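Enquirer: Here it is: the structure, laid out below.
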Amino acid sequence: MVHDTVPPPAVDPPPTRPQARGALARGQAALHTKPLLGPLIVLLLASLFFSVWVGSRFSDPLNISLIVQQVQIIGMVGIAQTLIVLTAGIDLSVGAITVLGSVVMGKLAVDHGLPVPLALLLGVLIGGVCGGLNGVLVTRFRIPPFIATLGTLSVFSALTLFYSRSETIRAQDVPSLLSWPGRSINVLGTDVTYSSLMMIGCFAAVAYLLRGTAWGAHLHAVGDNREGARLSGIRTGRVLLSVYAVAGLICGLAAWFLIGRIGSVSPQAGENLNLQSITAVVIGGTSLFGGRGHVLGTLLGSLIVGVFSSGLALSGVDALWQVFTVGVLVIVAVAADQWIRKVAA
């Protein structure tokens, strides 16, 4: 007699914690759609950590004011760098343009006797010319941005040393208008420099241009998919050229702030501005692959670097490890960007 065999009951696979996976996916999607969210969380957590670890010395209004003053030049140059990175490029000459602009302002006003407002204007315009040259190399000669700006970095640095004769204009010789951005006013019981306020205004203005104008929409389109933007009717070459020129003008304005910050005109100033600006942009959540990011994220990235530098310095941490920490932040930021980009893949 043959008995029918009853198949064993099916065994359900072990649970895979769908709730945890769902929360992780939602967080990944939120960071992708809101690029400011990540750097804002990092800034708040870092500020809270150092406020607890260091104490009232960190959260003192005077120290907060010093942090803003320390990052104002990085922030301004970071705006220019952000515009370039959003187009999927990179500019290694922004620091050299800034220093060249400051030397032009100082030499024209002090050594050549030009009216200070005219010298100031010409220094800013020199920045625009240098940025426009970068744009021509990228758009007309089809040179990759990294190579083009690596070359102009050397060119602009050499011109700075040649024109200045490697001489520094002393603080007592600098006209008051050129040093004016370094002056301060009292805001809520602490001193705030004019350049700090102007930097915040520049961030707000560029944020509006990127989000509220056709130029900003075209810029993002070129960075996201240049060929697709061209096929849709956008003059990609003209957009790129304008982006590099505007970035140069912003560096020219940063040159004025640099004079106000250090009080003198030195061809040796701003040696690390290139790397610092890229650091602020990356930590601020702007993708190095272009098309995704926000200029206000660069402001947050600059402040994050300032918060870590100030907090570690007040804690007595050696400067070597401060640099190490910033390097780790950059690596983590790029890794996070790669993870966030998987949402769009």
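Residue numbering restarts at 1 for every chain of the structure tokens, chains are lettered A, B, ... in their displayed order, and ligands are numbered from 1 as they appear.
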Using only C-alpha atoms, which residues sit within 10 Å of Ile147 (chain A) once same-chain residues fewer than 3 positions away are excluded, as a VMD selection string?
Expert: chain A and resid 90 to 92 137 to 138 143 to 144 150 to 153
Enquirer: Write to file, as a PDB file, in the first residue's frame, the residues of the selection just made, with N, CA, C and O atoms.
Expert:
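Saved as result13.pdb:
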ATOM      1  N   ILE A  90      36.491  72.047 -12.337  1.00  0.00           N
ATOM      2  CA  ILE A  90      37.218  72.409 -11.124  1.00  0.00           C
ATOM      3  C   ILE A  90      38.198  73.514 -11.492  1.00  0.00           C
ATOM      4  O   ILE A  90      38.699  73.555 -12.622  1.00  0.00           O
ATOM      5  N   ASP A  91      38.425  74.428 -10.564  1.00  0.00           N
ATOM      6  CA  ASP A  91      39.299  75.572 -10.840  1.00  0.00           C
ATOM      7  C   ASP A  91      40.423  75.593  -9.808  1.00  0.00           C
ATOM      8  O   ASP A  91      40.189  75.866  -8.625  1.00  0.00           O
ATOM      9  N   LEU A  92      41.628  75.303 -10.260  1.00  0.00           N
ATOM     10  CA  LEU A  92      42.782  75.297  -9.374  1.00  0.00           C
ATOM     11  C   LEU A  92      43.459  76.664  -9.292  1.00  0.00           C
ATOM     12  O   LEU A  92      44.476  76.802  -8.606  1.00  0.00           O
ATOM     13  N   LEU A 137      39.844  78.890 -22.448  1.00  0.00           N
ATOM     14  CA  LEU A 137      40.644  77.668 -22.578  1.00  0.00           C
ATOM     15  C   LEU A 137      39.768  76.426 -22.523  1.00  0.00           C
ATOM     16  O   LEU A 137      40.011  75.442 -23.241  1.00  0.00           O
ATOM     17  N   VAL A 138      38.737  76.472 -21.668  1.00  0.00           N
ATOM     18  CA  VAL A 138      37.862  75.306 -21.504  1.00  0.00           C
ATOM     19  C   VAL A 138      36.880  75.178 -22.661  1.00  0.00           C
ATOM     20  O   VAL A 138      36.634  74.066 -23.162  1.00  0.00           O
ATOM     21  N   ILE A 143      40.219  72.380 -23.567  1.00  0.00           N
ATOM     22  CA  ILE A 143      41.167  71.862 -22.585  1.00  0.00           C
ATOM     23  C   ILE A 143      40.396  71.483 -21.320  1.00  0.00           C
ATOM     24  O   ILE A 143      39.576  72.276 -20.843  1.00  0.00           O
ATOM     25  N   PRO A 144      40.608  70.303 -20.775  1.00  0.00           N
ATOM     26  CA  PRO A 144      39.902  69.936 -19.543  1.00  0.00           C
ATOM     27  C   PRO A 144      40.146  70.978 -18.439  1.00  0.00           C
ATOM     28  O   PRO A 144      41.260  71.496 -18.321  1.00  0.00           O
ATOM     29  N   LEU A 150      45.211  74.363 -13.946  1.00  0.00           N
ATOM     30  CA  LEU A 150      46.530  74.044 -13.394  1.00  0.00           C
ATOM     31  C   LEU A 150      47.592  74.891 -14.081  1.00  0.00           C
ATOM     32  O   LEU A 150      48.517  75.396 -13.439  1.00  0.00           O
ATOM     33  N   GLY A 151      47.439  75.078 -15.391  1.00  0.00           N
ATOM     34  CA  GLY A 151      48.378  75.926 -16.113  1.00  0.00           C
ATOM     35  C   GLY A 151      48.255  77.389 -15.739  1.00  0.00           C
ATOM     36  O   GLY A 151      49.261  78.073 -15.506  1.00  0.00           O
ATOM     37  N   THR A 152      47.025  77.895 -15.667  1.00  0.00           N
ATOM     38  CA  THR A 152      46.847  79.316 -15.322  1.00  0.00           C
ATOM     39  C   THR A 152      47.206  79.595 -13.865  1.00  0.00           C
ATOM     40  O   THR A 152      47.547  80.735 -13.524  1.00  0.00           O
ATOM     41  N   LEU A 153      47.145  78.573 -13.021  1.00  0.00           N
ATOM     42  CA  LEU A 153      47.617  78.749 -11.644  1.00  0.00           C
ATOM     43  C   LEU A 153      49.068  79.217 -11.641  1.00  0.00           C
ATOM     44  O   LEU A 153      49.429  80.184 -10.955  1.00  0.00           O
TER      45      LEU A 153
END
Enquirer: When DSSP is applied to the backbone of this structure, which of region 5-215 of chain A are assigned helix (DSSP H, G or I)? Write them out as a ChimeraX atom specification.
Expert: /A:18-33,37-53,56-59,61-86,94-110,116-139,145-164,171-173,176-182,194-212,214-215
Enquirer: So how far away is CA of Val222 (chain A) from CA of Thr87 (chain A), in Å?
Expert: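 These atoms are spaced 5.9 Å apart.
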Enquirer: Point out the residue among A:Asn272, A:Gln28, A:Ser266, A:Ser47 with the least atom-to-atom distance to Arg170 (chain A), counting only C-alpha atoms.
Expert: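 Under the stated criterion, the closest residue is A:Ser266.
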Enquirer: Hey, what's within 9 Å of Lys107 (chain A) if we count only C-alpha atoms and toss same-chain stuff fewer than 5 positions away? As a PDB file with N, CA, C and O atoms, in the first residue's frame, please?
Expert:
ATOM      1  N   SER A 102      44.440  91.317  -5.447  1.00  0.00           N
ATOM      2  CA  SER A 102      44.814  92.154  -4.302  1.00  0.00           C
ATOM      3  C   SER A 102      46.098  92.939  -4.585  1.00  0.00           C
ATOM      4  O   SER A 102      46.211  94.113  -4.206  1.00  0.00           O
ATOM      5  N   HIS A 112      51.301 103.613  -8.047  1.00  0.00           N
ATOM      6  CA  HIS A 112      51.019 104.351  -9.280  1.00  0.00           C
ATOM      7  C   HIS A 112      50.086 105.537  -9.066  1.00  0.00           C
ATOM      8  O   HIS A 112      49.805 106.270 -10.020  1.00  0.00           O
ATOM      9  N   GLY A 113      49.600 105.716  -7.865  1.00  0.00           N
ATOM     10  CA  GLY A 113      48.826 106.899  -7.535  1.00  0.00           C
ATOM     11  C   GLY A 113      47.448 106.995  -8.150  1.00  0.00           C
ATOM     12  O   GLY A 113      46.870 108.085  -8.212  1.00  0.00           O
ATOM     13  N   ALA A 119      41.356 101.929  -8.593  1.00  0.00           N
ATOM     14  CA  ALA A 119      42.264 100.802  -8.374  1.00  0.00           C
ATOM     15  C   ALA A 119      41.489  99.577  -7.879  1.00  0.00           C
ATOM     16  O   ALA A 119      41.754  98.441  -8.304  1.00  0.00           O
ATOM     17  N   TYR A 163      54.812  91.356 -10.935  1.00  0.00           N
ATOM     18  CA  TYR A 163      54.257  92.702 -10.802  1.00  0.00           C
ATOM     19  C   TYR A 163      54.552  93.298  -9.424  1.00  0.00           C
ATOM     20  O   TYR A 163      54.814  94.489  -9.287  1.00  0.00           O
ATOM     21  N   SER A 164      54.519  92.446  -8.397  1.00  0.00           N
ATOM     22  CA  SER A 164      54.755  92.939  -7.031  1.00  0.00           C
ATOM     23  C   SER A 164      56.235  93.002  -6.686  1.00  0.00           C
ATOM     24  O   SER A 164      56.592  93.574  -5.633  1.00  0.00           O
ATOM     25  N   ILE A 169      53.213  95.389   0.569  1.00  0.00           N
ATOM     26  CA  ILE A 169      52.827  96.758   0.915  1.00  0.00           C
ATOM     27  C   ILE A 169      52.380  96.765   2.369  1.00  0.00           C
ATOM     28  O   ILE A 169      51.444  96.060   2.751  1.00  0.00           O
ATOM     29  N   VAL A 265      49.136  94.156   1.769  1.00  0.00           N
ATOM     30  CA  VAL A 265      49.039  93.537   0.443  1.00  0.00           C
ATOM     31  C   VAL A 265      50.282  92.689   0.245  1.00  0.00           C
ATOM     32  O   VAL A 265      51.388  93.205   0.107  1.00  0.00           O
TER      33      VAL A 265
END
Enquirer: Which residues, written as JSON, numbers by chain, have at least one atom at most 12 Å from Arg235 (chain A), with only C-alpha atoms counted and residues fewer than 5 positions away on the same chain left out?
Expert: {"A": [139, 215, 218, 219, 221, 222, 226, 227, 228, 229, 230, 240, 241, 242]}
Enquirer: Counting only C-alpha atoms, which of A:Ala247, A:Ala313, A:Ser196, A:Val295 gets nearest to Val68 (chain A)?
Expert: A:Ser196
Enquirer: Suppose you want the space between CA of Gly285 (chain A) and CA of Pro35 (chain A); what is it in Å?
Expert: 5.8 Å
Enquirer: Could you name the residues that touch region 61-64 of chain A at 8 Å or less, counting only C-alpha atoms, but leaving out those on the same chain fewer than 2 positions away, as a list in words?
Expert: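 Using only C-alpha atoms, the neighbours found are Arg57, Phe58, Ser59, Leu66, Ile67, Val68, Gly189, Thr190 and Asp191 of chain A.
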Enquirer: Write down as a PyMOL selection string the residues of region 141-322 of chain A whose backbone DSSP state falls under strand (DSSP E or B).
Expert: chain A and resi 169+184-187+190-193+265
Enquirer: Could you list, as a list in words, every residue within 10 Å of Pro117 (chain A), counting only C-alpha atoms and ignoring same-chain residues fewer than 5 positions away?
Expert: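 Contacts, with the query itself left out: Met105, Ala109, Leu122, Gly123, Leu177 and Leu178 of chain A.
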Enquirer: I want to know what sits within 12 Å of Thr325 (chain A), based on only C-alpha atoms, with residues of the same chain fewer than 2 positions away left out; could you give that as a PyMOL selection string?
Expert: chain A and resi 279+304-309+311-313+317-323+327-332
Enquirer: Could you state the separation of CA of Phe141 (chain A) and CA of Ser287 (chain A) in Å, given to one decimal place?
Expert: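 So the two atoms, CA of Phe141 (chain A) and CA of Ser287 (chain A), lie 25.2 Å apart.
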Enquirer: Of the candidates A:Gly237, A:Gly291, A:Gly248, A:Gly263, which shows the shortest atom-to-atom distance to Gly216 (chain A), using only C-alpha atoms?
Expert: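 Of A:Gly237, A:Gly291, A:Gly248, A:Gly263, the one nearest Gly216 (chain A) is A:Gly291, counting only C-alpha atoms.
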